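S.K.: One file is attached below, entry-v5.txt, containing compact mmCIF, C-alpha atoms.
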# COMPACT_ATOMS: atom_id res chain seq x y z
CA MET A 1 42.05 10.92 -51.07
CA LYS A 2 39.13 13.35 -50.90
CA ARG A 3 35.80 11.91 -52.02
CA ASN A 4 32.46 13.51 -52.75
CA PHE A 5 29.71 11.85 -50.77
CA ILE A 6 25.98 11.69 -50.29
CA ALA A 7 24.71 10.89 -46.81
CA SER A 8 21.13 10.04 -45.93
CA ILE A 9 20.07 10.61 -42.37
CA GLU A 10 18.10 8.30 -40.11
CA ARG A 11 14.35 8.70 -39.86
CA GLY A 12 13.47 11.01 -37.04
CA SER A 13 16.79 12.87 -37.30
CA GLU A 14 15.50 15.52 -39.72
CA PRO A 15 15.38 18.24 -37.04
CA GLN A 16 19.09 17.60 -36.34
CA ILE A 17 20.28 17.65 -39.98
CA GLU A 18 22.08 21.00 -39.54
CA GLN A 19 23.91 19.66 -36.47
CA ILE A 20 24.83 16.43 -38.29
CA ALA A 21 26.28 18.53 -41.13
CA LYS A 22 28.23 20.61 -38.59
CA ASP A 23 29.59 17.43 -37.00
CA LEU A 24 30.82 16.34 -40.44
CA GLN A 25 32.46 19.75 -40.90
CA ASP A 26 34.17 19.35 -37.53
CA ARG A 27 35.67 16.13 -38.93
CA GLY A 28 37.15 18.11 -41.84
CA CYS A 29 34.41 17.63 -44.43
CA THR A 30 33.20 20.35 -46.75
CA ILE A 31 29.41 20.45 -46.96
CA HIS A 32 27.98 21.27 -50.39
CA ARG A 33 24.24 20.90 -49.84
CA ILE A 34 21.73 20.11 -47.14
CA LEU A 35 18.37 18.90 -48.43
CA LYS A 36 16.25 19.07 -45.30
CA LEU A 37 13.03 17.64 -46.71
CA ALA A 38 14.80 14.70 -48.35
CA GLY A 39 17.14 14.10 -45.40
CA ILE A 40 20.27 14.28 -47.57
CA ILE A 41 23.66 15.88 -46.98
CA SER A 42 26.18 16.11 -49.82
CA GLY A 43 29.78 17.10 -49.40
CA CYS A 44 33.45 16.21 -49.73
CA SER A 45 35.50 14.22 -47.24
CA SER A 46 38.72 15.51 -45.69
CA GLY A 47 40.79 12.83 -47.41
CA LYS A 48 42.14 11.49 -44.13
CA GLU A 49 39.66 8.61 -43.97
CA LYS A 50 40.41 5.12 -45.26
CA ASP A 51 36.84 4.94 -46.54
CA LEU A 52 33.61 6.88 -46.25
CA GLN A 53 32.20 4.52 -43.62
CA GLU A 54 34.44 6.32 -41.10
CA LEU A 55 32.13 9.32 -41.58
CA LYS A 56 29.00 7.37 -40.64
CA ILE A 57 28.38 9.30 -37.45
CA GLN A 58 25.30 9.24 -35.24
CA GLY A 59 22.27 10.31 -37.24
CA ILE A 60 23.57 9.07 -40.60
CA ARG A 61 21.79 6.01 -41.96
CA HIS A 62 23.81 5.53 -45.15
CA ILE A 63 26.79 7.22 -46.81
CA GLU A 64 28.20 6.54 -50.26
CA GLU A 65 30.49 8.09 -52.84
CA ASP A 66 28.87 10.63 -55.15
CA ARG A 67 30.06 9.91 -58.68
CA GLN A 68 29.31 11.99 -61.72
CA VAL A 69 28.14 10.07 -64.76
CA ARG A 70 28.73 11.41 -68.23
CA ALA A 71 26.09 11.42 -70.97
CA LEU A 72 27.38 8.19 -72.51
CA GLY A 73 27.53 6.35 -69.22
CA GLY A 74 31.21 6.76 -68.38
CA GLU A 75 32.12 7.79 -64.86
CA GLU A 76 34.36 10.76 -64.15
Output the file's structure as structure tokens, nothing else.

M.R.:
Amino acid sequence: MKRNFIASIERGSEPQIEQIAKDLQDRGCTIHRILKLAGIISGCSSGKEKDLQELKIQGIRHIEEDRQVRALGGEE
């Protein structure tokens, strides 16, 4: 199942954020946004992974599912 994700990169890896995003693309991910100053990459997984932790490649400190929350607090 494809999942939207938010990945934060490790401190000191900011200069490599574009390469980290490319490495995720090479694993089948679609990259939506790269926030260089914040050290954040958002995207969508390929759907082949059992869980998002399989995408925690070198340079990524933390990765989690990006969920949209509706106005009344319900998740989509």

S.K.: Between A:Ile63, A:Leu24, A:Ile34, A:Ile9, single out the one closest to A:Ser46, counting only C-alpha atoms.

M.R.: A:Leu24

S.K.: Just give me the gap between atom CA of A:Ser45 and atom CA of A:Phe5 in Å, one decimal is fine.

M.R.: 7.2 Å

S.K.: As an exercise, work out the distance from atom CA of A:Ile41 to atom CA of A:Lys56 in Å and give it to one decimal place.

M.R.: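 These two atoms are separated by 11.9 Å.
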
S.K.: Taking all atoms listed in the file into account, name the residue in A:Gln68, A:Thr30, A:Gln16, A:Ser42 that is nearest to A:Lys2.

M.R.: A:Thr30

S.K.: What's around A:Glu10 at 9 Å? Count all atoms listed in the file, leave out sequence neighbours fewer than 3 positions away in its own chain, and write the answer as an NGL selection string.

M.R.: :A and (13-14 or 39 or 58-62)

S.K.: Taking C-alpha atoms for each residue, export the selection above as a short mmCIF file (atom, residue, chain, number, x, y, z; two decimals), in the frame of the given file.

M.R.:
data_model
loop_
_atom_site.label_atom_id
_atom_site.label_comp_id
_atom_site.auth_asym_id
_atom_site.auth_seq_id
_atom_site.Cartn_x
_atom_site.Cartn_y
_atom_site.Cartn_z
CA SER A 13 16.79 12.87 -37.30
CA GLU A 14 15.50 15.52 -39.72
CA GLY A 39 17.14 14.10 -45.40
CA GLN A 58 25.30 9.24 -35.24
CA GLY A 59 22.27 10.31 -37.24
CA ILE A 60 23.57 9.07 -40.60
CA ARG A 61 21.79 6.01 -41.96
CA HIS A 62 23.81 5.53 -45.15
#

S.K.: Could you check how far atom CA of A:Asp51 sits from atom CA of A:Leu37, in Å to one decimal?

M.R.: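 We find that atom CA of A:Asp51 and atom CA of A:Leu37 lie 27.0 Å from each other.
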
S.K.: Need the shell around A:Glu49: protein/DNA/RNA residues with any atom at most 10 Å away, counting all atoms listed in the file. Skip same-chain ones fewer than 6 positions apart. Format as a list of chain:residue names?

M.R.: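 Near neighbours after the sequence-gap exclusion: A:Met1, A:Lys2, A:Arg3, A:Arg27, A:Leu55.
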
S.K.: Counting all atoms listed in the file, figure out which residue out of A:Arg11, A:Cys29, A:Glu65, A:Ile17 gets nearest to A:Gln53.

M.R.: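 Distance minimum relative to A:Gln53 lands on A:Glu65.
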
S.K.: Tell me which of A:Ile6, A:Ile40, A:Ile20, A:Leu35 sits closest to A:Leu52, counting all atoms listed in the file.

M.R.: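 For A:Leu52, the nearest of the given residues is A:Ile6.
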
S.K.: Kindly compute an axis-aligned box around the listed atoms of stretch 3-12 of chain A, allowing 3 Å on each side, and express its centre and edge lengths in Å to one decimal as AutoDock Vina command-line options.

M.R.:
--center_x 24.6 --center_y 10.9 --center_z -44.9 --size_x 28.3 --size_y 11.2 --size_z 21.7

S.K.: Between A:Asn4, A:Ala38, A:Lys48, A:Arg33, which is the closest to A:Ala21 once you count all atoms listed in the file?

M.R.: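 Answer, going by the shortest atom-to-atom distance: A:Arg33.
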
S.K.: Kindly output stretch 24-40 of chain A as a JSON list (two decimals), in the coordinates of the input, after building N, CA and C atoms.

M.R.:
[["chain", "number", "residue", "atom", "x", "y", "z"],
["A", 24, "LEU", "N", 29.99, 16.76, -39.32],
["A", 24, "LEU", "CA", 30.82, 16.34, -40.44],
["A", 24, "LEU", "C", 31.87, 17.40, -40.75],
["A", 25, "GLN", "N", 31.49, 18.67, -40.69],
["A", 25, "GLN", "CA", 32.46, 19.75, -40.90],
["A", 25, "GLN", "C", 33.56, 19.71, -39.84],
["A", 26, "ASP", "N", 33.18, 19.43, -38.61],
["A", 26, "ASP", "CA", 34.17, 19.35, -37.53],
["A", 26, "ASP", "C", 35.15, 18.21, -37.76],
["A", 27, "ARG", "N", 34.77, 17.23, -38.57],
["A", 27, "ARG", "CA", 35.67, 16.13, -38.93],
["A", 27, "ARG", "C", 36.48, 16.45, -40.19],
["A", 28, "GLY", "N", 36.35, 17.68, -40.69],
["A", 28, "GLY", "CA", 37.15, 18.11, -41.84],
["A", 28, "GLY", "C", 36.44, 18.06, -43.17],
["A", 29, "CYS", "N", 35.17, 17.70, -43.18],
["A", 29, "CYS", "CA", 34.41, 17.63, -44.43],
["A", 29, "CYS", "C", 33.97, 19.02, -44.88],
["A", 30, "THR", "N", 33.80, 19.16, -46.17],
["A", 30, "THR", "CA", 33.20, 20.35, -46.75],
["A", 30, "THR", "C", 31.77, 19.97, -47.13],
["A", 31, "ILE", "N", 30.81, 20.74, -46.66],
["A", 31, "ILE", "CA", 29.41, 20.45, -46.96],
["A", 31, "ILE", "C", 28.99, 21.28, -48.17],
["A", 32, "HIS", "N", 28.44, 20.60, -49.18],
["A", 32, "HIS", "CA", 27.98, 21.27, -50.39],
["A", 32, "HIS", "C", 26.51, 21.63, -50.32],
["A", 33, "ARG", "N", 25.69, 20.70, -49.86],
["A", 33, "ARG", "CA", 24.24, 20.90, -49.84],
["A", 33, "ARG", "C", 23.61, 20.15, -48.69],
["A", 34, "ILE", "N", 22.57, 20.76, -48.14],
["A", 34, "ILE", "CA", 21.73, 20.11, -47.14],
["A", 34, "ILE", "C", 20.31, 20.16, -47.67],
["A", 35, "LEU", "N", 19.75, 18.99, -47.95],
["A", 35, "LEU", "CA", 18.37, 18.90, -48.43],
["A", 35, "LEU", "C", 17.51, 18.42, -47.27],
["A", 36, "LYS", "N", 16.97, 19.38, -46.54],
["A", 36, "LYS", "CA", 16.25, 19.07, -45.30],
["A", 36, "LYS", "C", 15.06, 18.15, -45.51],
["A", 37, "LEU", "N", 14.24, 18.45, -46.50],
["A", 37, "LEU", "CA", 13.03, 17.64, -46.71],
["A", 37, "LEU", "C", 13.36, 16.21, -47.12],
["A", 38, "ALA", "N", 14.42, 16.04, -47.90],
["A", 38, "ALA", "CA", 14.80, 14.70, -48.35],
["A", 38, "ALA", "C", 15.69, 13.98, -47.33],
["A", 39, "GLY", "N", 16.26, 14.72, -46.38],
["A", 39, "GLY", "CA", 17.14, 14.10, -45.40],
["A", 39, "GLY", "C", 18.48, 13.71, -45.98],
["A", 40, "ILE", "N", 19.02, 14.58, -46.85],
["A", 40, "ILE", "CA", 20.27, 14.28, -47.57],
["A", 40, "ILE", "C", 21.30, 15.38, -47.30]]
